[in-house]
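Enquirer: The structure under discussion is supplied below as structure tokens; questions concerning it will follow.
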Amino acid sequence: MGWDYAPAPEARNIVKIQPRYGLFIDGQFVEPKSGRYFQTLNPANEAVLAEVAYAEAEDIDRTVQSARRAYNEVWSKLPGKERAKYLFRIARIVQERSREFAVLESLDGGKPIRESRDVDIPLVSAHFFYYAGWADKLEYAFPGRTPRPLGVAGQIIPWNFPLLMLAWKVAPALACGNTVVIKPAETTPLTALLMCEVFQQAELPPGVVNIVTGDGQTGATLVQHPDLDKIAFTGSTEVGKKIQRAVAGTRKRLTLELGGKAANVIFEDADIDQAIEGIINGIYFNQGHVCCAGSRLLVQESIYPIVLRKLQRRIQLLRVGDPLDKNTDVGAINSLPQLRKIESLVQIGVQEGAELYQCDCPLPEKGYWYRPTILDKVSMAHTVAREEIFGPVLAVMTFRTPDEAVAIANNTRYGLSAGVWTSKGSRYLEFARRLQAGVVWCNTYNKFDPASPFGGYKESGFGREGGLHALSAYVAF
Ligand code: ADP
């Protein structure tokens with residue numbers, strides 16, 4: 001290549017990171033009773049960003065008590081239109097501070113600033129605006145019925161969309177009159193902790209949102225707390241199953257949003273260049289750290305050679321590197337264990353007979369990186385066609401007829417999302433109807449809107465987030 005992009009880094013000093021964060025209980029940061037802290041790193045250079053409190057049973061108990069008090073004394077008594085005011089305020093403050101949140105999200109999680117700035121953070125405020133609008137209209141959301149809040153919700157979220165997952169869970173819960181205790185993932189707690197400043201700025205009554213930080217053990221302790229009315233979890237299917245077992249036989253309601261192994265299906269009548277861009281967006285932007293990532297590409301046999309050639313050429317043009325650079329397409333892998341998992345699954349793929357193509361761009365020396373990768377000649381018997389890789393790795397398969405495409409796409413234990421590329425309206429409508437997937441994107445991929453429900457079939461979980469559907473997960477009648 002004769003030319004390259006000049007570096008275009010986003011200013012990092014817009015966000016002030018504290019050296020140490022406590023737990024956010026009853027509207028304030030407090031030291032953990034455990035006395036323990038852990039570090040959160042910048043995965044792009046392995047530098048320590050901050051120390052974060054590690055919550056144990058005693059801390060969690062205190063946090064749940066704070067949420068219960070706020071529920072009984074304040075939040076459950078407020079009329080919907082008053083709750084709405086707080087949610088509108090939160091939405092507006094996130095908008096005002098969006099640059100700060102975007103930079104922090106990219107620093108702590110490794111995703112490109114273009115994604116955090118243009119996707120994650122705008123969607124966070126959009127969700128608070130959307131659910132603010134419902135807070136005083138719940139009787140219209142559930143006509144003829146009288147919705148009541150559930151009480152206190154324990155919410156556990158993963159590291160791939162740290163603040164967006166918080167918004168998905170907190171906004172509908174609060175709109176319906178519940179209070180929450182939320183646990184961010186151990187590798188990405190910082191934007192949730194910055195959000196506590198927003199709750200304070202918005203003068204949200206203390207205890208309505210509480211944040212506990214820690215690891216899987218902290219999450220497990222939270223799930224077991226007897227005074228919770230609801231558990232909402234987003235994360236791996238493996239942990240989701242453990243939580244389901246822990247909650248069985250209790251009064252706690254449960255929603256689970258788990259893994260995925262989405263098929264992105266391209267028919268011979270598709271606009272191929274448009275589809276290539278959608279496929280690239282569906283798996284490589286965000287490092288494939290998306291549970292609905294289009295990680296299996298199903299190509300109709302007649303166009304397979306041209307699609308593969310174009311994909312191989314296109315991945316060479318992806319820019320991998322500094323997440324804070326506005327020209328970066330693919331950022332850092334979120335953590336070392338995740339990087340090792342991706343490496344080992346790709347190795348298994350090659351051992352089982354897949355052909356490997358990788359972007360040969362230079363990678364930074366420090367930090368956790370993985371090259372955008374295509375695994376070609378994959379069949380459903382291969383591990384990489386079945387297991388969720390959660391990295392920038394696309395498994396390519398072919399099909400001949402629409403029936404065969406549906407059969408392969410549905411041949412998975414998951415069912416979160418899928419994509420279809422075709423110029424025939426009748427074909428994609430028929431295809432969407434036959435697919436067992438919560439979301440089917442047609443001639444686009446990874447598009448989200450707060451009004452649109454999201455969730456899975458089979459081992460991808462149950463319950464829906466987003467839209468009216470998310471409200472029903474937080475009310476009783
Ligand atoms: P991922 O594979 O996306 O890292 P995990 O399911 O391991 O997803 O983690 C998602 C969230 O669940 C994180 O906040 C993590 O700390 C938490 N977690 C992990 N193990 C448990 C558990 N046994 N019980 C409750 N929460 C857990």
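Chain identifiers are assigned as A, B, and so on, following the order in which chains appear in the structure tokens; residues are numbered from 1 within each chain, and ligands are numbered from 1 in order of appearance.
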As a ChimeraX atom specification, please: the residues near segment 341-355 of chain A (cut-off 12 Å, only C-alpha atoms, same-chain neighbours under 6 positions excluded).
Expert: /A:287-289,308,333-335,368-397
Enquirer: Select from chain A every residue with an atom at most 9 Å from any atom of ligand 1, then for each give the shortest pair of atoms and their distance in Å to one decimal, using only C-alpha atoms and all ligand atoms, rows by chain and rising number, as a tab-separated table.
Expert:
residue	atom	partner	partner_atom_place_in_ligand_line	distance
A:Gln155	CA	ligand 1	14 (O)	9.0
A:Ile156	CA	ligand 1	14 (O)	5.3
A:Ile157	CA	ligand 1	14 (O)	4.7
A:Pro158	CA	ligand 1	10 (C)	4.1
A:Trp159	CA	ligand 1	3 (O)	6.2
A:Asn160	CA	ligand 1	3 (O)	7.0
A:Lys183	CA	ligand 1	14 (O)	6.0
A:Pro184	CA	ligand 1	14 (O)	5.0
A:Ala185	CA	ligand 1	14 (O)	3.4
A:Glu186	CA	ligand 1	16 (O)	5.6
A:Thr187	CA	ligand 1	16 (O)	8.6
A:Thr188	CA	ligand 1	14 (O)	8.9
A:Thr213	CA	ligand 1	14 (O)	8.5
A:Gly214	CA	ligand 1	16 (O)	6.6
A:Asp215	CA	ligand 1	16 (O)	4.1
A:Gly216	CA	ligand 1	19 (C)	3.3
A:Gln217	CA	ligand 1	22 (C)	5.9
A:Thr218	CA	ligand 1	26 (N)	6.8
A:Gly219	CA	ligand 1	26 (N)	3.5
A:Ala220	CA	ligand 1	24 (N)	3.4
A:Thr221	CA	ligand 1	25 (C)	7.2
A:Leu222	CA	ligand 1	25 (C)	7.2
A:Val223	CA	ligand 1	25 (C)	6.2
A:Gln224	CA	ligand 1	24 (N)	8.9
A:Phe233	CA	ligand 1	12 (O)	7.2
A:Thr234	CA	ligand 1	10 (C)	6.3
A:Gly235	CA	ligand 1	6 (O)	3.8
A:Ser236	CA	ligand 1	6 (O)	3.7
A:Thr237	CA	ligand 1	6 (O)	6.8
A:Glu238	CA	ligand 1	6 (O)	6.7
A:Val239	CA	ligand 1	6 (O)	4.7
A:Gly240	CA	ligand 1	6 (O)	6.7
A:Lys241	CA	ligand 1	23 (N)	9.0
A:Lys242	CA	ligand 1	23 (N)	6.1
A:Ile243	CA	ligand 1	24 (N)	5.8
A:Ala246	CA	ligand 1	24 (N)	8.6
A:Leu258	CA	ligand 1	6 (O)	8.0
A:Gly259	CA	ligand 1	3 (O)	8.2
A:His289	CA	ligand 1	3 (O)	8.6
A:Cys291	CA	ligand 1	3 (O)	8.3
A:Gln338	CA	ligand 1	4 (O)	7.9
A:Phe390	CA	ligand 1	3 (O)	8.4
Enquirer: Any idea what's packed within 10 Å of Cys442 of chain A, counting only C-alpha atoms, ignoring anything in its chain fewer than 4 positions away? Could you give it as a list in words?
Expert: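 Everything that qualifies: Asn264, Val265, Ala418, Gly419, Val420, Trp421, Thr422, Ser423, Gly425, Tyr428, Leu429, Phe431 and Ala432 of chain A.
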Enquirer: Considering only C-alpha atoms, return as a list in words whatever protein or nucleic-acid residues lie within 6 Å of Ala153 of chain A, sequence-local ones (same chain, fewer than 4 positions apart) excluded.
Expert: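 Contacts, with the query itself left out: Val180, Leu228, Asp229, Lys230 and Ile231 of chain A.
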Enquirer: Please compute the atom CA of Ala293 of chain A-atom CA of Gln39 of chain A distance, one decimal, in Å.
Expert: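 These two atoms are separated by 28.6 Å.
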Enquirer: May I have the residues within 6 Å of Arg20 of chain A as a list in words, using only C-alpha atoms and disregarding those fewer than 4 positions away in the same chain?
Expert: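 My reading of the contact set: Ala50, Glu51 and Val52 of chain A.
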Enquirer: Output N, CA, C and O atoms of each residue in that selection to a file, as an mmCIF file, in the first residue's frame.
Expert:
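Okay, this is what ended up in selection_8.cif:
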data_model
loop_
_atom_site.group_PDB
_atom_site.id
_atom_site.type_symbol
_atom_site.label_atom_id
_atom_site.label_comp_id
_atom_site.auth_asym_id
_atom_site.auth_seq_id
_atom_site.Cartn_x
_atom_site.Cartn_y
_atom_site.Cartn_z
ATOM 1 N N ALA A 50 -7.476 1.243 37.327
ATOM 2 C CA ALA A 50 -7.971 1.585 38.660
ATOM 3 C C ALA A 50 -8.099 0.317 39.495
ATOM 4 O O ALA A 50 -8.055 -0.791 38.967
ATOM 5 N N GLU A 51 -8.288 0.542 40.803
ATOM 6 C CA GLU A 51 -8.630 -0.567 41.703
ATOM 7 C C GLU A 51 -10.107 -0.464 42.027
ATOM 8 O O GLU A 51 -10.635 0.639 42.214
ATOM 9 N N VAL A 52 -10.742 -1.613 42.116
ATOM 10 C CA VAL A 52 -12.185 -1.639 42.269
ATOM 11 C C VAL A 52 -12.526 -2.571 43.434
ATOM 12 O O VAL A 52 -11.879 -3.612 43.608
#
Enquirer: Please return as a PDB file with N, CA, C and O atoms, in the first residue's frame: the residues of segment 220-277 of chain A that backbone DSSP assigns to alpha helix (DSSP H).
Expert:
ATOM      1  N   ALA A 220     -22.500 -14.932  42.023  1.00  0.00           N
ATOM      2  CA  ALA A 220     -23.194 -16.100  42.591  1.00  0.00           C
ATOM      3  C   ALA A 220     -23.781 -15.755  43.959  1.00  0.00           C
ATOM      4  O   ALA A 220     -24.899 -16.162  44.295  1.00  0.00           O
ATOM      5  N   THR A 221     -23.039 -14.992  44.761  1.00  0.00           N
ATOM      6  CA  THR A 221     -23.535 -14.589  46.087  1.00  0.00           C
ATOM      7  C   THR A 221     -24.771 -13.702  45.936  1.00  0.00           C
ATOM      8  O   THR A 221     -25.742 -13.829  46.685  1.00  0.00           O
ATOM      9  N   LEU A 222     -24.724 -12.810  44.958  1.00  0.00           N
ATOM     10  CA  LEU A 222     -25.885 -11.938  44.732  1.00  0.00           C
ATOM     11  C   LEU A 222     -27.120 -12.769  44.364  1.00  0.00           C
ATOM     12  O   LEU A 222     -28.198 -12.578  44.925  1.00  0.00           O
ATOM     13  N   VAL A 223     -26.925 -13.712  43.427  1.00  0.00           N
ATOM     14  CA  VAL A 223     -28.058 -14.534  42.974  1.00  0.00           C
ATOM     15  C   VAL A 223     -28.709 -15.273  44.141  1.00  0.00           C
ATOM     16  O   VAL A 223     -29.920 -15.453  44.184  1.00  0.00           O
ATOM     17  N   GLN A 224     -27.873 -15.671  45.119  1.00  0.00           N
ATOM     18  CA  GLN A 224     -28.406 -16.463  46.243  1.00  0.00           C
ATOM     19  C   GLN A 224     -29.073 -15.619  47.330  1.00  0.00           C
ATOM     20  O   GLN A 224     -29.648 -16.170  48.267  1.00  0.00           O
ATOM     21  N   THR A 237     -23.833 -19.108  28.387  1.00  0.00           N
ATOM     22  CA  THR A 237     -24.859 -20.129  28.609  1.00  0.00           C
ATOM     23  C   THR A 237     -24.497 -20.981  29.826  1.00  0.00           C
ATOM     24  O   THR A 237     -25.363 -21.353  30.622  1.00  0.00           O
ATOM     25  N   GLU A 238     -23.204 -21.237  29.985  1.00  0.00           N
ATOM     26  CA  GLU A 238     -22.737 -22.053  31.113  1.00  0.00           C
ATOM     27  C   GLU A 238     -23.130 -21.413  32.459  1.00  0.00           C
ATOM     28  O   GLU A 238     -23.702 -22.078  33.332  1.00  0.00           O
ATOM     29  N   VAL A 239     -22.839 -20.124  32.601  1.00  0.00           N
ATOM     30  CA  VAL A 239     -23.189 -19.448  33.858  1.00  0.00           C
ATOM     31  C   VAL A 239     -24.711 -19.309  33.973  1.00  0.00           C
ATOM     32  O   VAL A 239     -25.283 -19.467  35.054  1.00  0.00           O
ATOM     33  N   GLY A 240     -25.371 -19.067  32.835  1.00  0.00           N
ATOM     34  CA  GLY A 240     -26.832 -18.964  32.841  1.00  0.00           C
ATOM     35  C   GLY A 240     -27.473 -20.222  33.410  1.00  0.00           C
ATOM     36  O   GLY A 240     -28.436 -20.154  34.188  1.00  0.00           O
ATOM     37  N   LYS A 241     -26.925 -21.376  33.065  1.00  0.00           N
ATOM     38  CA  LYS A 241     -27.484 -22.637  33.572  1.00  0.00           C
ATOM     39  C   LYS A 241     -27.291 -22.745  35.076  1.00  0.00           C
ATOM     40  O   LYS A 241     -28.171 -23.204  35.808  1.00  0.00           O
ATOM     41  N   LYS A 242     -26.110 -22.298  35.549  1.00  0.00           N
ATOM     42  CA  LYS A 242     -25.854 -22.336  37.006  1.00  0.00           C
ATOM     43  C   LYS A 242     -26.866 -21.448  37.723  1.00  0.00           C
ATOM     44  O   LYS A 242     -27.398 -21.809  38.780  1.00  0.00           O
ATOM     45  N   ILE A 243     -27.120 -20.279  37.142  1.00  0.00           N
ATOM     46  CA  ILE A 243     -28.040 -19.339  37.787  1.00  0.00           C
ATOM     47  C   ILE A 243     -29.452 -19.914  37.799  1.00  0.00           C
ATOM     48  O   ILE A 243     -30.178 -19.827  38.794  1.00  0.00           O
ATOM     49  N   GLN A 244     -29.811 -20.553  36.698  1.00  0.00           N
ATOM     50  CA  GLN A 244     -31.144 -21.160  36.631  1.00  0.00           C
ATOM     51  C   GLN A 244     -31.312 -22.201  37.743  1.00  0.00           C
ATOM     52  O   GLN A 244     -32.350 -22.273  38.386  1.00  0.00           O
ATOM     53  N   ARG A 245     -30.243 -22.977  37.967  1.00  0.00           N
ATOM     54  CA  ARG A 245     -30.314 -23.984  39.035  1.00  0.00           C
ATOM     55  C   ARG A 245     -30.424 -23.312  40.401  1.00  0.00           C
ATOM     56  O   ARG A 245     -31.184 -23.737  41.257  1.00  0.00           O
ATOM     57  N   ALA A 246     -29.645 -22.228  40.582  1.00  0.00           N
ATOM     58  CA  ALA A 246     -29.635 -21.546  41.889  1.00  0.00           C
ATOM     59  C   ALA A 246     -30.990 -20.915  42.203  1.00  0.00           C
ATOM     60  O   ALA A 246     -31.379 -20.816  43.363  1.00  0.00           O
ATOM     61  N   VAL A 247     -31.708 -20.493  41.149  1.00  0.00           N
ATOM     62  CA  VAL A 247     -32.969 -19.775  41.354  1.00  0.00           C
ATOM     63  C   VAL A 247     -34.163 -20.740  41.438  1.00  0.00           C
ATOM     64  O   VAL A 247     -35.199 -20.402  41.997  1.00  0.00           O
ATOM     65  N   ILE A 272     -23.861  -8.263  -3.581  1.00  0.00           N
ATOM     66  CA  ILE A 272     -22.727  -8.898  -2.884  1.00  0.00           C
ATOM     67  C   ILE A 272     -21.862  -7.880  -2.130  1.00  0.00           C
ATOM     68  O   ILE A 272     -21.474  -8.116  -0.982  1.00  0.00           O
ATOM     69  N   ASP A 273     -21.601  -6.730  -2.737  1.00  0.00           N
ATOM     70  CA  ASP A 273     -20.728  -5.767  -2.044  1.00  0.00           C
ATOM     71  C   ASP A 273     -21.369  -5.260  -0.756  1.00  0.00           C
ATOM     72  O   ASP A 273     -20.701  -5.104   0.270  1.00  0.00           O
ATOM     73  N   GLN A 274     -22.677  -5.025  -0.826  1.00  0.00           N
ATOM     74  CA  GLN A 274     -23.395  -4.574   0.376  1.00  0.00           C
ATOM     75  C   GLN A 274     -23.332  -5.677   1.443  1.00  0.00           C
ATOM     76  O   GLN A 274     -23.093  -5.410   2.628  1.00  0.00           O
ATOM     77  N   ALA A 275     -23.520  -6.910   0.994  1.00  0.00           N
ATOM     78  CA  ALA A 275     -23.498  -8.029   1.943  1.00  0.00           C
ATOM     79  C   ALA A 275     -22.119  -8.172   2.584  1.00  0.00           C
ATOM     80  O   ALA A 275     -22.019  -8.420   3.795  1.00  0.00           O
ATOM     81  N   ILE A 276     -21.060  -7.996   1.799  1.00  0.00           N
ATOM     82  CA  ILE A 276     -19.702  -8.136   2.365  1.00  0.00           C
ATOM     83  C   ILE A 276     -19.514  -7.126   3.503  1.00  0.00           C
ATOM     84  O   ILE A 276     -19.020  -7.467   4.580  1.00  0.00           O
ATOM     85  N   GLU A 277     -19.943  -5.890   3.273  1.00  0.00           N
ATOM     86  CA  GLU A 277     -19.801  -4.881   4.334  1.00  0.00           C
ATOM     87  C   GLU A 277     -20.595  -5.278   5.577  1.00  0.00           C
ATOM     88  O   GLU A 277     -20.132  -5.110   6.702  1.00  0.00           O
TER      89      GLU A 277
END
Enquirer: If we count only C-alpha atoms and set the cut-off at 12 Å, which residues sit around segment 90-101 of chain A, ignoring sequence neighbours fewer than 6 positions away in its own chain? Please answer as a compact mmCIF listing (two decimals) with C-alpha atoms, in the first residue's frame.
Expert:
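This is the output file out18.txt:
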# COMPACT_ATOMS: atom_id res chain seq x y z
CA GLU A 10 -9.45 10.72 20.73
CA ALA A 11 -8.28 12.83 23.69
CA ARG A 12 -8.14 10.64 26.75
CA ASN A 13 -7.95 13.38 29.36
CA ILE A 14 -11.67 14.14 29.02
CA VAL A 15 -12.29 11.40 31.56
CA LYS A 16 -10.93 11.41 35.07
CA ILE A 17 -10.37 7.93 36.45
CA ARG A 83 -40.12 8.19 38.01
CA ALA A 84 -40.07 9.30 34.38
CA LEU A 107 -10.20 2.32 27.64
CA ASP A 108 -11.63 -0.32 29.96
CA GLY A 109 -13.07 -2.71 27.39
CA ILE A 113 -13.98 4.53 19.95
CA ARG A 114 -16.04 4.61 16.77
CA GLU A 115 -18.25 1.88 18.20
CA SER A 116 -18.50 3.25 21.74
CA ARG A 117 -19.06 6.80 20.47
CA ASP A 118 -21.52 6.03 17.66
CA VAL A 119 -23.28 2.90 18.95
CA ASP A 120 -22.96 2.07 22.64
CA ILE A 121 -23.36 5.43 24.33
CA PRO A 122 -26.07 6.88 22.03
CA LEU A 123 -28.03 3.66 22.60
CA VAL A 124 -27.58 4.02 26.36
CA SER A 125 -29.29 7.40 26.41
CA ALA A 126 -31.86 6.20 23.85
CA HIS A 127 -32.85 3.39 26.22
CA PHE A 128 -33.27 5.73 29.18
CA PHE A 129 -35.36 8.10 27.02
CA TYR A 130 -37.47 5.24 25.70
CA TYR A 131 -38.28 3.75 29.11
CA ALA A 132 -38.78 7.20 30.64
CA GLY A 133 -41.61 7.50 28.11
CA PRO A 162 -20.75 -2.79 29.60
CA LEU A 163 -22.82 0.38 29.85
CA LEU A 164 -25.42 -0.61 27.27
CA ALA A 167 -29.06 0.57 30.47
CA VAL A 170 -31.75 -0.65 34.73
CA ALA A 171 -34.02 1.54 32.58
CA LEU A 174 -36.81 1.59 37.20
CA LEU A 190 -15.56 1.59 35.11
CA THR A 191 -18.42 3.02 33.04
CA ALA A 192 -20.96 1.61 35.50
CA LEU A 193 -19.04 3.34 38.28
CA LEU A 194 -18.96 6.62 36.32
CA MET A 195 -22.69 6.21 35.86
CA CYS A 196 -23.05 6.50 39.66
CA GLU A 197 -22.04 10.16 39.26
CA VAL A 198 -24.90 10.54 36.79
CA PHE A 199 -27.35 9.01 39.27
CA GLN A 200 -26.12 11.50 41.86
CA GLN A 201 -26.31 14.42 39.40
CA ALA A 202 -29.86 13.40 38.49
CA GLU A 203 -30.66 13.30 42.24
CA LEU A 204 -32.02 9.80 41.89
CA LEU A 324 -8.97 5.30 20.97
Enquirer: Write out as a PyMOL selection string all residues of segment 184-312 of chain A that DSSP puts in strand (DSSP E or B) for this structure's backbone.
Expert: chain A and resi 209-211+230-234+253-257+263-266+296-300
Enquirer: For the selection you just gave me, I'd like the residues written to a file as a JSON list (two decimals), in the first residue's frame, keeping N, CA, C and O atoms.
Expert:
[["chain", "number", "residue", "atom", "x", "y", "z"],
["A", 209, "VAL", "N", -30.65, 2.67, 42.63],
["A", 209, "VAL", "CA", -29.67, 1.85, 41.88],
["A", 209, "VAL", "C", -28.44, 1.69, 42.77],
["A", 209, "VAL", "O", -27.89, 2.68, 43.26],
["A", 210, "ASN", "N", -28.03, 0.47, 42.96],
["A", 210, "ASN", "CA", -26.81, 0.17, 43.73],
["A", 210, "ASN", "C", -25.89, -0.65, 42.85],
["A", 210, "ASN", "O", -26.36, -1.49, 42.07],
["A", 211, "ILE", "N", -24.57, -0.43, 43.00],
["A", 211, "ILE", "CA", -23.64, -1.17, 42.15],
["A", 211, "ILE", "C", -22.63, -1.92, 43.00],
["A", 211, "ILE", "O", -21.95, -1.32, 43.85],
["A", 230, "LYS", "N", -36.20, -10.74, 41.74],
["A", 230, "LYS", "CA", -35.99, -10.97, 40.31],
["A", 230, "LYS", "C", -34.49, -11.05, 40.04],
["A", 230, "LYS", "O", -33.72, -10.29, 40.65],
["A", 231, "ILE", "N", -34.09, -11.96, 39.15],
["A", 231, "ILE", "CA", -32.70, -12.00, 38.69],
["A", 231, "ILE", "C", -32.73, -11.81, 37.18],
["A", 231, "ILE", "O", -33.50, -12.47, 36.48],
["A", 232, "ALA", "N", -31.89, -10.91, 36.68],
["A", 232, "ALA", "CA", -31.74, -10.76, 35.24],
["A", 232, "ALA", "C", -30.27, -10.95, 34.92],
["A", 232, "ALA", "O", -29.41, -10.33, 35.56],
["A", 233, "PHE", "N", -29.98, -11.82, 33.98],
["A", 233, "PHE", "CA", -28.58, -12.14, 33.68],
["A", 233, "PHE", "C", -28.33, -12.08, 32.19],
["A", 233, "PHE", "O", -29.14, -12.56, 31.39],
["A", 234, "THR", "N", -27.20, -11.50, 31.81],
["A", 234, "THR", "CA", -26.71, -11.62, 30.44],
["A", 234, "THR", "C", -25.27, -12.12, 30.54],
["A", 234, "THR", "O", -24.48, -11.55, 31.29],
["A", 253, "ARG", "N", -38.11, -14.30, 40.08],
["A", 253, "ARG", "CA", -38.34, -14.40, 38.64],
["A", 253, "ARG", "C", -36.98, -14.35, 37.94],
["A", 253, "ARG", "O", -36.04, -13.76, 38.47],
["A", 254, "LEU", "N", -36.91, -14.90, 36.73],
["A", 254, "LEU", "CA", -35.61, -14.97, 36.06],
["A", 254, "LEU", "C", -35.73, -14.63, 34.58],
["A", 254, "LEU", "O", -36.64, -15.11, 33.90],
["A", 255, "THR", "N", -34.82, -13.79, 34.07],
["A", 255, "THR", "CA", -34.64, -13.69, 32.62],
["A", 255, "THR", "C", -33.17, -13.91, 32.32],
["A", 255, "THR", "O", -32.29, -13.47, 33.07],
["A", 256, "LEU", "N", -32.92, -14.62, 31.22],
["A", 256, "LEU", "CA", -31.55, -14.97, 30.83],
["A", 256, "LEU", "C", -31.33, -14.58, 29.37],
["A", 256, "LEU", "O", -32.14, -14.93, 28.51],
["A", 257, "GLU", "N", -30.26, -13.87, 29.12],
["A", 257, "GLU", "CA", -29.87, -13.61, 27.73],
["A", 257, "GLU", "C", -28.48, -14.17, 27.57],
["A", 257, "GLU", "O", -27.53, -13.67, 28.18],
["A", 263, "ALA", "N", -26.16, -17.37, 12.25],
["A", 263, "ALA", "CA", -25.86, -17.60, 10.84],
["A", 263, "ALA", "C", -26.15, -16.32, 10.07],
["A", 263, "ALA", "O", -27.18, -15.69, 10.27],
["A", 264, "ASN", "N", -25.23, -15.97, 9.19],
["A", 264, "ASN", "CA", -25.44, -14.86, 8.28],
["A", 264, "ASN", "C", -25.50, -15.51, 6.90],
["A", 264, "ASN", "O", -24.53, -16.12, 6.46],
["A", 265, "VAL", "N", -26.67, -15.44, 6.26],
["A", 265, "VAL", "CA", -26.91, -16.26, 5.07],
["A", 265, "VAL", "C", -26.94, -15.38, 3.83],
["A", 265, "VAL", "O", -27.72, -14.43, 3.77],
["A", 266, "ILE", "N", -26.10, -15.70, 2.86],
["A", 266, "ILE", "CA", -26.07, -14.87, 1.66],
["A", 266, "ILE", "C", -26.50, -15.67, 0.43],
["A", 266, "ILE", "O", -25.89, -16.67, 0.08],
["A", 296, "ARG", "N", -21.24, -17.40, 11.82],
["A", 296, "ARG", "CA", -21.25, -18.46, 10.79],
["A", 296, "ARG", "C", -21.74, -17.82, 9.49],
["A", 296, "ARG", "O", -22.85, -17.28, 9.45],
["A", 297, "LEU", "N", -20.93, -17.89, 8.45],
["A", 297, "LEU", "CA", -21.37, -17.35, 7.17],
["A", 297, "LEU", "C", -21.82, -18.51, 6.28],
["A", 297, "LEU", "O", -21.03, -19.44, 6.02],
["A", 298, "LEU", "N", -23.07, -18.46, 5.84],
["A", 298, "LEU", "CA", -23.59, -19.50, 4.94],
["A", 298, "LEU", "C", -23.72, -18.88, 3.56],
["A", 298, "LEU", "O", -24.50, -17.95, 3.36],
["A", 299, "VAL", "N", -22.94, -19.39, 2.60],
["A", 299, "VAL", "CA", -22.91, -18.79, 1.26],
["A", 299, "VAL", "C", -23.51, -19.76, 0.26],
["A", 299, "VAL", "O", -23.16, -20.95, 0.24],
["A", 300, "GLN", "N", -24.39, -19.24, -0.61],
["A", 300, "GLN", "CA", -24.94, -20.12, -1.65],
["A", 300, "GLN", "C", -23.80, -20.53, -2.60],
["A", 300, "GLN", "O", -22.96, -19.70, -2.98]]
Enquirer: What is the distance between atom CA of Ser34 of chain A and atom CA of Glu56 of chain A, in Å to one decimal?
Expert: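 Between atom CA of Ser34 of chain A and atom CA of Glu56 of chain A the gap is 6.1 Å.
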Enquirer: For each of A:Ile280, A:Ala70, A:Val64, A:Val48, take the minimum atom-to-atom distance to Gly367 of chain A, counting only C-alpha atoms, then give the residue where this is smallest.
Expert: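 Using only C-alpha atoms, Gly367 of chain A sits closest to A:Val48.
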Enquirer: So how far away is atom CA of Thr412 of chain A from atom CA of Gly463 of chain A, in Å?
Expert: 19.2 Å
Enquirer: Would you pick out the contacts of Pro149 of chain A at 8 Å or less, using only C-alpha atoms, so that residues sharing its chain but fewer than 2 positions from it are not included, and give the list as a list in words?
Expert: Ser76, Pro147, Gly151, Cys176, Gly177, Asn178, Tyr474, Val475 and Ala476 of chain A
Enquirer: Kindly save the residues from that selection, with all heavy atoms included, as a short mmCIF file (atom, residue, chain, number, x, y, z; two decimals), in the first residue's frame.
Expert:
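Listed below is the output, selection30.cif:
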data_model
loop_
_atom_site.label_atom_id
_atom_site.label_comp_id
_atom_site.auth_asym_id
_atom_site.auth_seq_id
_atom_site.Cartn_x
_atom_site.Cartn_y
_atom_site.Cartn_z
N SER A 76 -41.36 2.73 45.11
CA SER A 76 -42.63 2.07 44.78
C SER A 76 -43.82 3.00 45.04
O SER A 76 -44.93 2.75 44.59
CB SER A 76 -42.79 0.78 45.60
OG SER A 76 -42.87 1.10 46.97
N PRO A 147 -50.52 -3.27 36.25
CA PRO A 147 -49.15 -3.74 36.52
C PRO A 147 -48.60 -3.20 37.84
O PRO A 147 -48.81 -2.04 38.17
CB PRO A 147 -48.34 -3.19 35.34
CG PRO A 147 -49.14 -2.06 34.79
CD PRO A 147 -50.57 -2.30 35.15
N GLY A 151 -40.32 -5.58 42.83
CA GLY A 151 -39.59 -5.31 44.07
C GLY A 151 -38.14 -4.99 43.77
O GLY A 151 -37.84 -4.06 43.05
N CYS A 176 -40.64 0.62 35.70
CA CYS A 176 -41.76 -0.13 36.27
C CYS A 176 -41.86 0.00 37.78
O CYS A 176 -42.74 -0.60 38.40
CB CYS A 176 -41.64 -1.61 35.90
SG CYS A 176 -41.81 -1.90 34.13
N GLY A 177 -40.93 0.70 38.42
CA GLY A 177 -41.03 0.93 39.86
C GLY A 177 -40.20 0.00 40.73
O GLY A 177 -40.39 -0.05 41.94
N ASN A 178 -39.28 -0.75 40.11
CA ASN A 178 -38.40 -1.63 40.89
C ASN A 178 -37.13 -0.89 41.28
O ASN A 178 -36.76 0.11 40.64
CB ASN A 178 -37.97 -2.83 40.04
CG ASN A 178 -39.15 -3.58 39.47
OD1 ASN A 178 -39.70 -4.44 40.13
ND2 ASN A 178 -39.57 -3.21 38.27
N TYR A 474 -40.52 -6.97 34.33
CA TYR A 474 -40.37 -6.24 35.60
C TYR A 474 -41.71 -5.89 36.27
O TYR A 474 -41.74 -5.03 37.14
CB TYR A 474 -39.51 -4.99 35.39
CG TYR A 474 -38.06 -5.38 35.18
CD1 TYR A 474 -37.52 -5.50 33.91
CD2 TYR A 474 -37.26 -5.69 36.28
CE1 TYR A 474 -36.20 -5.91 33.73
CE2 TYR A 474 -35.96 -6.10 36.11
CZ TYR A 474 -35.44 -6.21 34.84
OH TYR A 474 -34.15 -6.64 34.67
N VAL A 475 -42.78 -6.54 35.85
CA VAL A 475 -44.08 -6.27 36.49
C VAL A 475 -44.79 -7.58 36.85
O VAL A 475 -44.54 -8.62 36.26
CB VAL A 475 -45.02 -5.43 35.58
CG1 VAL A 475 -44.52 -4.01 35.42
CG2 VAL A 475 -45.24 -6.09 34.24
N ALA A 476 -45.67 -7.46 37.83
CA ALA A 476 -46.59 -8.55 38.14
C ALA A 476 -47.99 -7.96 38.05
O ALA A 476 -48.15 -6.74 38.02
CB ALA A 476 -46.32 -9.04 39.56
#
